[in-house]
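A.B. asks: If it helps, the file is called entry-v7.csv and holds CSV, C-alpha atoms:
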chain,number,residue,atom,x,y,z
A,1,SER,CA,70.2,85.7,65.0
A,2,ALA,CA,71.7,82.9,67.0
A,3,ALA,CA,68.6,80.8,66.4
A,4,ALA,CA,68.8,81.3,62.6
A,5,ARG,CA,72.5,80.4,62.6
A,6,SER,CA,71.8,77.3,64.7
A,7,MET,CA,69.0,76.3,62.4
A,8,THR,CA,71.2,76.6,59.3
A,9,SER,CA,73.9,74.6,61.0
A,10,PHE,CA,71.5,71.9,62.2
A,11,GLU,CA,69.8,71.6,58.7
A,12,ARG,CA,73.3,71.1,57.2
A,13,GLU,CA,74.2,68.5,59.7
A,14,SER,CA,70.9,66.7,59.3
A,15,LYS,CA,71.1,66.5,55.5
A,16,LYS,CA,72.7,63.0,55.5
A,17,THR,CA,70.1,61.7,57.9
A,18,ILE,CA,67.2,63.3,55.9
A,19,ASN,CA,68.5,61.9,52.6
A,20,MET,CA,68.8,58.4,54.1
A,21,MET,CA,65.2,58.6,55.4
A,22,ALA,CA,63.9,59.8,52.1
A,23,GLN,CA,65.8,57.1,50.2
A,24,GLN,CA,64.3,54.4,52.4
A,25,PHE,CA,60.8,55.8,52.0
A,26,MET,CA,61.2,55.9,48.2
A,27,ARG,CA,62.6,52.4,48.1
A,28,ARG,CA,59.5,51.2,49.9
A,29,GLN,CA,57.3,53.1,47.5
A,30,ALA,CA,59.2,51.5,44.5
A,31,ALA,CA,58.8,48.0,46.1
A,32,ASP,CA,55.1,48.7,46.6
A,33,GLU,CA,54.7,49.9,43.0
A,34,HIS,CA,56.5,46.7,41.8
A,35,HIS,CA,54.1,44.6,43.9
A,36,ARG,CA,51.1,46.4,42.3
A,37,THR,CA,52.4,45.9,38.7
A,38,SER,CA,50.7,43.4,36.5
A,39,VAL,CA,51.0,42.5,32.8
A,40,ALA,CA,47.8,42.5,30.8
A,41,GLN,CA,46.8,41.9,27.1
A,42,THR,CA,45.8,44.9,25.2
A,43,GLY,CA,43.5,43.3,22.6
A,44,ILE,CA,45.7,44.5,19.8
A,45,LEU,CA,47.4,41.8,17.7
A,46,ASP,CA,51.2,41.5,17.9
A,47,VAL,CA,52.3,41.1,14.2
A,48,ASN,CA,55.5,39.5,15.4
A,49,LYS,CA,53.6,36.7,17.1
A,50,MET,CA,51.0,36.0,14.4
A,51,ILE,CA,53.1,33.3,12.8
A,52,ASN,CA,52.6,31.3,15.9
A,53,TYR,CA,48.8,31.2,15.5
A,54,LYS,CA,48.7,27.4,14.8
A,55,TRP,CA,50.1,26.4,18.2
A,56,SER,CA,49.6,29.5,20.5
A,57,GLU,CA,46.8,31.8,21.4
A,58,ASP,CA,49.2,34.4,22.8
A,59,LEU,CA,49.0,36.7,19.8
A,60,PHE,CA,48.3,40.0,21.5
A,61,LEU,CA,50.4,42.9,22.6
A,62,ARG,CA,50.9,43.2,26.3
A,63,ASN,CA,51.5,46.2,28.6
A,64,GLU,CA,52.2,46.8,32.3
A,65,GLU,CA,49.4,48.1,34.5
A,66,ILE,CA,50.2,49.7,37.8
A,67,ALA,CA,47.4,49.9,40.3
A,68,ASP,CA,47.0,53.2,42.1
A,69,GLY,CA,49.3,53.6,45.1
A,70,LYS,CA,48.6,55.1,48.5
A,71,ASN,CA,49.7,58.6,49.4
A,72,HIS,CA,50.7,59.5,52.9
A,73,GLY,CA,50.5,62.3,55.4
A,74,LEU,CA,51.9,63.0,58.9
A,75,VAL,CA,50.4,64.6,62.0
A,76,LEU,CA,52.9,65.1,64.8
A,77,PHE,CA,52.1,65.9,68.4
A,78,ILE,CA,54.9,66.9,70.8
A,79,ASP,CA,54.6,66.8,74.6
A,80,TRP,CA,55.2,70.4,76.0
A,81,SER,CA,55.3,69.4,79.7
A,82,GLY,CA,57.8,70.1,82.5
A,83,SER,CA,58.9,66.5,82.6
A,84,MET,CA,60.3,66.9,79.1
A,85,SER,CA,62.6,69.7,80.2
A,86,ASP,CA,65.8,67.5,80.1
A,87,ILE,CA,65.0,66.2,76.6
A,88,ILE,CA,62.8,68.9,75.0
A,89,SER,CA,65.6,70.5,73.0
A,90,ASP,CA,66.6,67.2,71.4
A,91,THR,CA,63.0,66.2,70.9
A,92,ILE,CA,62.3,69.5,69.0
A,93,LYS,CA,65.3,68.8,66.8
A,94,GLN,CA,63.9,65.3,66.1
A,95,LEU,CA,60.7,67.0,65.2
A,96,ILE,CA,62.5,69.4,62.9
A,97,GLN,CA,64.2,66.4,61.1
A,98,MET,CA,60.7,64.8,60.6
A,99,VAL,CA,59.5,68.1,59.0
A,100,LEU,CA,62.6,68.3,56.7
A,101,PHE,CA,61.9,64.7,55.7
A,102,CYS,CA,58.3,65.4,54.9
A,103,LYS,CA,59.4,68.4,52.8
A,104,LYS,CA,62.0,66.3,51.0
A,105,VAL,CA,59.5,63.6,49.9
A,106,GLY,CA,56.6,66.0,49.4
A,107,ILE,CA,54.0,64.7,51.9
A,108,PRO,CA,51.7,67.0,53.8
A,109,PHE,CA,52.2,67.4,57.6
A,110,GLU,CA,51.0,69.3,60.6
A,111,VAL,CA,53.0,69.8,63.9
A,112,TYR,CA,51.2,70.5,67.2
A,113,SER,CA,52.4,70.8,70.8
A,114,PHE,CA,50.0,69.9,73.5
A,115,THR,CA,50.3,72.0,76.6
A,116,SER,CA,48.4,73.1,79.7
A,117,ASN,CA,49.5,76.7,79.1
A,118,THR,CA,46.4,78.2,77.5
A,119,ARG,CA,46.4,81.6,75.8
A,120,ASN,CA,43.8,83.9,77.3
A,121,PRO,CA,42.0,87.0,76.1
A,122,ILE,CA,43.7,89.2,78.7
A,123,GLY,CA,47.1,88.6,77.0
A,124,LYS,CA,49.1,88.7,80.2
A,125,SER,CA,50.9,86.1,82.2
A,126,TYR,CA,48.7,84.8,85.1
A,127,TYR,CA,51.2,86.3,87.6
A,128,ASP,CA,50.9,89.8,86.0
A,129,MET,CA,47.1,89.9,86.2
A,130,THR,CA,45.0,91.8,88.7
A,131,GLU,CA,42.5,89.8,90.8
A,132,GLU,CA,39.7,90.8,88.5
A,133,GLU,CA,41.5,89.7,85.5
A,134,ARG,CA,42.3,86.3,87.1
A,135,GLU,CA,38.7,85.8,88.0
A,136,GLN,CA,37.7,86.6,84.4
A,137,VAL,CA,40.2,84.0,83.1
A,138,ASN,CA,39.2,81.4,85.7
A,139,SER,CA,35.6,81.7,84.7
A,140,ILE,CA,36.2,80.7,81.0
A,141,GLU,CA,34.5,77.4,80.1
A,142,TYR,CA,36.9,75.6,77.9
A,143,PHE,CA,34.8,72.5,77.4
A,144,THR,CA,31.1,71.6,77.3
A,145,GLY,CA,29.4,68.2,77.1
A,146,GLU,CA,29.6,64.9,78.9
A,147,PHE,CA,33.2,65.0,79.9
A,148,ALA,CA,33.6,68.7,80.5
A,149,ASP,CA,34.2,68.4,84.2
A,150,ARG,CA,37.0,65.8,83.6
A,151,LEU,CA,38.9,67.7,81.0
A,152,SER,CA,41.7,70.0,81.9
A,153,PRO,CA,42.2,73.3,80.1
A,154,PHE,CA,44.8,72.9,77.4
A,155,ASN,CA,46.1,74.3,74.2
A,156,LEU,CA,47.4,72.9,70.9
A,157,ASN,CA,50.0,75.1,69.2
A,158,ASN,CA,50.1,74.5,65.5
A,159,TYR,CA,53.8,75.3,65.1
A,160,LEU,CA,54.5,74.0,61.6
A,161,SER,CA,52.5,73.0,58.6
A,162,SER,CA,52.8,72.0,55.0
A,163,ARG,CA,50.3,74.8,54.3
A,164,MET,CA,53.1,77.3,55.0
A,165,ASN,CA,54.8,79.0,52.1
A,166,ALA,CA,58.6,78.9,51.9
A,167,ARG,CA,59.1,82.1,53.8
A,168,GLN,CA,56.8,81.1,56.6
A,169,MET,CA,58.4,77.7,56.8
A,170,LYS,CA,61.9,79.2,57.1
A,171,ARG,CA,60.6,81.5,59.9
A,172,GLY,CA,58.7,78.7,61.6
A,173,LEU,CA,61.8,76.4,61.7
A,174,ILE,CA,63.9,79.2,63.2
A,175,ASN,CA,61.2,79.8,65.8
A,176,MET,CA,61.3,76.1,66.7
A,177,MET,CA,65.1,76.3,67.1
A,178,TYR,CA,64.7,79.4,69.2
A,179,LEU,CA,62.3,77.4,71.5
A,180,ALA,CA,64.8,74.5,71.7
A,181,MET,CA,67.5,77.0,72.7
A,182,CYS,CA,65.2,78.6,75.3
A,183,PHE,CA,65.3,75.3,77.4
A,184,THR,CA,69.1,74.9,77.2
A,185,THR,CA,70.7,78.3,77.0
A,186,TRP,CA,68.4,80.5,79.1
A,187,GLU,CA,71.5,81.8,80.9
A,188,ASP,CA,72.6,83.4,77.6
A,189,GLY,CA,69.4,85.6,77.5
A,190,PHE,CA,67.0,83.2,75.7
A,191,ARG,CA,63.6,83.6,77.3
A,192,CYS,CA,60.6,81.4,76.4
A,193,PRO,CA,57.8,83.5,74.9
A,194,MET,CA,54.7,83.8,77.1
A,195,GLY,CA,52.4,80.8,76.8
A,196,HIS,CA,55.1,78.6,75.3
A,197,ASP,CA,56.8,77.4,78.5
A,198,LEU,CA,56.4,73.9,79.8
A,199,GLY,CA,53.4,72.8,81.8
A,200,SER,CA,51.6,69.6,82.6
A,201,THR,CA,50.7,66.7,80.2
A,202,PRO,CA,47.2,67.0,78.6
A,203,LEU,CA,47.8,63.9,76.4
A,204,ASN,CA,44.3,62.5,76.8
A,205,GLU,CA,42.8,65.9,75.8
A,206,ALA,CA,45.1,66.1,72.8
A,207,LEU,CA,44.0,62.6,71.7
A,208,ILE,CA,40.4,63.6,71.9
A,209,ALA,CA,41.1,66.7,69.8
A,210,ALA,CA,43.0,64.4,67.3
A,211,LEU,CA,39.7,62.6,66.6
A,212,ASP,CA,38.6,65.8,64.8
A,213,ILE,CA,42.1,67.0,63.6
A,214,ILE,CA,43.2,63.8,61.8
A,215,PRO,CA,40.1,63.2,59.7
A,216,GLU,CA,40.0,66.9,58.7
A,217,PHE,CA,43.7,66.7,57.7
A,218,GLN,CA,43.0,63.5,55.7
A,219,ALA,CA,40.1,65.0,53.9
A,220,ARG,CA,41.8,68.4,53.2
A,221,ASN,CA,44.9,66.8,51.8
A,222,ASN,CA,43.2,63.9,50.1
A,223,VAL,CA,45.6,61.3,51.6
A,224,GLN,CA,44.8,57.7,52.2
A,225,ILE,CA,47.3,56.9,55.0
A,226,VAL,CA,47.8,59.3,57.9
A,227,ASN,CA,50.7,58.5,60.2
A,228,THR,CA,50.4,60.0,63.6
A,229,MET,CA,53.4,60.5,65.8
A,230,ILE,CA,53.3,61.5,69.5
A,231,LEU,CA,56.6,62.6,71.0
A,232,THR,CA,56.1,62.2,74.7
A,233,ASP,CA,58.0,60.9,77.7
A,234,GLY,CA,55.2,59.2,79.7
A,235,GLU,CA,51.8,59.2,81.3
A,236,ALA,CA,49.1,61.8,80.9
A,237,SER,CA,48.2,64.2,83.6
A,238,GLY,CA,44.6,65.1,84.6
A,239,SER,CA,41.6,63.0,85.7
A,240,LEU,CA,40.5,61.7,82.3
A,241,CYS,CA,41.8,58.1,82.8
A,242,SER,CA,40.5,54.6,82.0
A,243,TYR,CA,41.8,51.4,83.6
Spell out the structure here as structure tokens.

C.D. replies:
Amino acid sequence: SAAARSMTSFERESKKTINMMAQQFMRRQAADEHHRTSVAQTGILDVNKMINYKWSEDLFLRNEEIADGKNHGLVLFIDWSGSMSDIISDTIKQLIQMVLFCKKVGIPFEVYSFTSNTRNPIGKSYYDMTEEEREQVNSIEYFTGEFADRLSPFNLNNYLSSRMNARQMKRGLINMMYLAMCFTTWEDGFRCPMGHDLGSTPLNEALIAALDIIPEFQARNNVQIVNTMILTDGEASGSLCSY
């Protein structure tokens, strides 16, 4: 397909950038390892030093000890709102490069879009529903609790994950490239799948969800440092605001 060819071409073009990112990451890891390296005595006599016993107490073998390093993970959120329409294609490609980087250096990752377009049990576009079906969807309570009346319905699409196998990842990357093309080449017949078009900006809601998502990701992958990236162009929509 055109998306598959585009993904293959983009991955080839990005190889130099990904290799540079991986090289810098590994250099930082090596520098950190050097910083954590110390020399300690083993308690075993060094026979080559024993002749110095009259004027030196340094008679033992030494070895290098490296303290445990810190492993990393990445959780990435991308803004799937209408104001991103001019840059969403390039932003998706930036996201893909981050995923290729994570795969290159072997760190776990998750990719989510945050969007006001919620999937519904009817399985139809809102405009294709009957009045009864619309009433059914409108009656759904998405949130409960203290802030329920201030949270807007939203959805997190978990588009890519290090939990995918190689075949799933290949398909997932092609699908992401297809979505990128939907927003730039729609006149060539590319149509955005239902529920994946651009909406408003439920950034605050996504951040609240992240309070559960990130600790769960950290525990599941047993990582010490979780880097969180939010690819967005501006202010959140909705009424959940603090000044």

A.B. asks: Which residues come within 10 Å of Leu198 (chain A), counting all atoms listed in the file, excluding same-chain residues fewer than 6 positions away, as number ranges by chain?

C.D. replies: A: 79-85, 88, 114-117, 183, 192

A.B. asks: What does the file look like for those residues with C-alpha atoms, as a short mmCIF file (atom, residue, chain, number, x, y, z; two decimals), in the frame of the given file?

C.D. replies:
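Now in part.cif:
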data_model
loop_
_atom_site.label_atom_id
_atom_site.label_comp_id
_atom_site.auth_asym_id
_atom_site.auth_seq_id
_atom_site.Cartn_x
_atom_site.Cartn_y
_atom_site.Cartn_z
CA ASP A 79 54.60 66.80 74.60
CA TRP A 80 55.20 70.40 76.00
CA SER A 81 55.30 69.40 79.70
CA GLY A 82 57.80 70.10 82.50
CA SER A 83 58.90 66.50 82.60
CA MET A 84 60.30 66.90 79.10
CA SER A 85 62.60 69.70 80.20
CA ILE A 88 62.80 68.90 75.00
CA PHE A 114 50.00 69.90 73.50
CA THR A 115 50.30 72.00 76.60
CA SER A 116 48.40 73.10 79.70
CA ASN A 117 49.50 76.70 79.10
CA PHE A 183 65.30 75.30 77.40
CA CYS A 192 60.60 81.40 76.40
#

A.B. asks: Measure the distance from CA of Asn71 (chain A) to CA of Ile225 (chain A) in Å and round it to one decimal.

C.D. replies: 6.3 Å

A.B. asks: Can you tell me which residues surround Leu231 (chain A) at a distance of at most 12 Å, considering all atoms listed in the file, apart from same-chain residues fewer than 2 positions away, and format the answer as a ChimeraX atom specification?

C.D. replies: /A:75-81,84,87-88,90-95,98,111-114,201,203,228-229,233-235

A.B. asks: Find the residue from A:Phe10, A:Glu110, A:Ile174, A:Gln136 that sits nearest to Ala210 (chain A); use all atoms listed in the file when measuring.

C.D. replies: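 The closest residue to Ala210 (chain A) is A:Glu110.
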
A.B. asks: Grab the CA of Arg167 (chain A) to CA of Glu216 (chain A) distance for me, in Å with one decimal place.

C.D. replies: 24.9 Å

A.B. asks: Mind giving me the straight-line distance from CA of Ser162 (chain A) to CA of Ile107 (chain A) in Å, one decimal?

C.D. replies: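 Answer for the CA of Ser162 (chain A) to CA of Ile107 (chain A) separation: 8.0 Å.
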
A.B. asks: Go through A:Ser89, A:Asn19, A:Thr8, A:Asn138 one by one, measure the shortest atom-to-atom distance of each to Thr184 (chain A) using only C-alpha atoms, and give the residue with the smallest value.

C.D. replies: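 Among the listed residues, A:Ser89 lies closest to Thr184 (chain A).
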
A.B. asks: Excluding same-chain residues fewer than 5 positions from Lys104 (chain A), what lies within 12 Å of it counting only C-alpha atoms, as a list in words?

C.D. replies: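 With the cut-off at 12 Å, the set is Lys15, Thr17, Ile18, Asn19, Met20, Met21, Ala22, Gln23, Phe25, Met26, Gln97, Met98, Val99, Phe109 and Ser162 of chain A.
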
A.B. asks: Just checking: using all atoms listed in the file, which residue out of A:Met129, A:Met169, A:Met7, A:Leu74 ends up closest to Asn221 (chain A)?

C.D. replies: A:Leu74

A.B. asks: Here is a test: counting all atoms listed in the file, which residue of A:Gln224, A:Asn165, A:Ala4, A:Arg134 is nearest to Met181 (chain A)?

C.D. replies: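 Closest to Met181 (chain A) of all the choices is A:Ala4.
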
A.B. asks: With distances taken over only C-alpha atoms, which of A:His72, A:Tyr159, A:Gln168, A:Met176 is nearest to Phe217 (chain A)?

C.D. replies: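 Smallest distance to Phe217 (chain A) is found for A:His72.
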
A.B. asks: Considering all atoms listed in the file, can you say which of A:Leu179, A:Ser161, A:Ala166, A:Ile230 comes closest to His196 (chain A)?

C.D. replies: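 When distances to His196 (chain A) are compared using all atoms listed in the file, the smallest one comes from A:Leu179.
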
A.B. asks: Could all heavy atoms be built for region 220-231 of chain A and written out as a tab-separated table (two decimals), in the frame of the given file?

C.D. replies:
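As a result, selection.tsv now contains:
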chain	number	residue	atom	x	y	z
A	220	ARG	N	41.27	67.17	53.84
A	220	ARG	CA	41.80	68.40	53.20
A	220	ARG	C	42.94	68.09	52.25
A	220	ARG	O	43.07	68.73	51.21
A	220	ARG	CB	42.24	69.37	54.30
A	220	ARG	CG	42.98	70.60	53.80
A	220	ARG	CD	43.01	71.70	54.83
A	220	ARG	NE	43.27	71.21	56.17
A	220	ARG	CZ	44.49	71.00	56.67
A	220	ARG	NH1	45.56	71.21	55.91
A	220	ARG	NH2	44.65	70.58	57.91
A	221	ASN	N	43.78	67.12	52.61
A	221	ASN	CA	44.90	66.80	51.80
A	221	ASN	C	44.71	65.62	50.84
A	221	ASN	O	45.60	65.26	50.07
A	221	ASN	CB	46.14	66.50	52.68
A	221	ASN	CG	46.62	67.74	53.42
A	221	ASN	OD1	47.25	68.62	52.84
A	221	ASN	ND2	46.31	67.81	54.70
A	222	ASN	N	43.53	65.01	50.95
A	222	ASN	CA	43.20	63.90	50.10
A	222	ASN	C	44.22	62.77	50.16
A	222	ASN	O	44.71	62.27	49.14
A	222	ASN	CB	42.98	64.34	48.64
A	222	ASN	CG	42.31	63.29	47.77
A	222	ASN	OD1	41.52	62.47	48.27
A	222	ASN	ND2	42.61	63.29	46.49
A	223	VAL	N	44.60	62.40	51.39
A	223	VAL	CA	45.60	61.30	51.60
A	223	VAL	C	44.87	60.08	52.10
A	223	VAL	O	43.84	60.16	52.77
A	223	VAL	CB	46.70	61.73	52.55
A	223	VAL	CG1	47.55	62.83	51.93
A	223	VAL	CG2	46.15	62.17	53.89
A	224	GLN	N	45.42	58.92	51.77
A	224	GLN	CA	44.80	57.70	52.20
A	224	GLN	C	45.36	57.17	53.51
A	224	GLN	O	44.65	56.57	54.31
A	224	GLN	CB	45.05	56.61	51.09
A	224	GLN	CG	44.29	56.92	49.80
A	224	GLN	CD	44.89	56.17	48.62
A	224	GLN	OE1	46.02	56.41	48.23
A	224	GLN	NE2	44.13	55.24	48.07
A	225	ILE	N	46.67	57.39	53.75
A	225	ILE	CA	47.30	56.90	55.00
A	225	ILE	C	47.80	58.12	55.77
A	225	ILE	O	48.61	58.90	55.26
A	225	ILE	CB	48.47	55.96	54.70
A	225	ILE	CG1	47.96	54.70	53.99
A	225	ILE	CG2	49.20	55.59	55.98
A	225	ILE	CD1	49.07	53.74	53.60
A	226	VAL	N	47.30	58.28	56.99
A	226	VAL	CA	47.80	59.30	57.90
A	226	VAL	C	48.58	58.67	59.01
A	226	VAL	O	48.03	57.89	59.79
A	226	VAL	CB	46.65	60.17	58.47
A	226	VAL	CG1	47.22	61.24	59.41
A	226	VAL	CG2	45.83	60.82	57.36
A	227	ASN	N	49.86	58.95	59.07
A	227	ASN	CA	50.70	58.50	60.20
A	227	ASN	C	50.69	59.51	61.27
A	227	ASN	O	50.93	60.69	61.02
A	227	ASN	CB	52.12	58.24	59.67
A	227	ASN	CG	52.18	57.14	58.63
A	227	ASN	OD1	52.11	55.97	58.95
A	227	ASN	ND2	52.30	57.54	57.36
A	228	THR	N	50.40	59.08	62.49
A	228	THR	CA	50.40	60.00	63.60
A	228	THR	C	51.50	59.66	64.58
A	228	THR	O	51.65	58.52	65.00
A	228	THR	CB	49.02	59.86	64.38
A	228	THR	OG1	47.94	60.08	63.47
A	228	THR	CG2	48.94	60.87	65.51
A	229	MET	N	52.31	60.66	64.88
A	229	MET	CA	53.40	60.50	65.80
A	229	MET	C	53.18	61.34	67.05
A	229	MET	O	52.78	62.50	66.95
A	229	MET	CB	54.74	60.95	65.16
A	229	MET	CG	55.23	60.06	64.04
A	229	MET	SD	56.83	60.63	63.39
A	229	MET	CE	57.87	60.45	64.84
A	230	ILE	N	53.42	60.74	68.23
A	230	ILE	CA	53.30	61.50	69.50
A	230	ILE	C	54.66	61.38	70.19
A	230	ILE	O	55.09	60.30	70.60
A	230	ILE	CB	52.20	60.89	70.38
A	230	ILE	CG1	50.85	60.96	69.64
A	230	ILE	CG2	52.12	61.66	71.70
A	230	ILE	CD1	49.72	60.27	70.37
A	231	LEU	N	55.33	62.51	70.31
A	231	LEU	CA	56.60	62.60	71.00
A	231	LEU	C	56.39	62.95	72.43
A	231	LEU	O	56.14	64.11	72.75
A	231	LEU	CB	57.53	63.60	70.28
A	231	LEU	CG	57.78	63.38	68.78
A	231	LEU	CD1	58.65	64.50	68.21
A	231	LEU	CD2	58.43	62.02	68.53
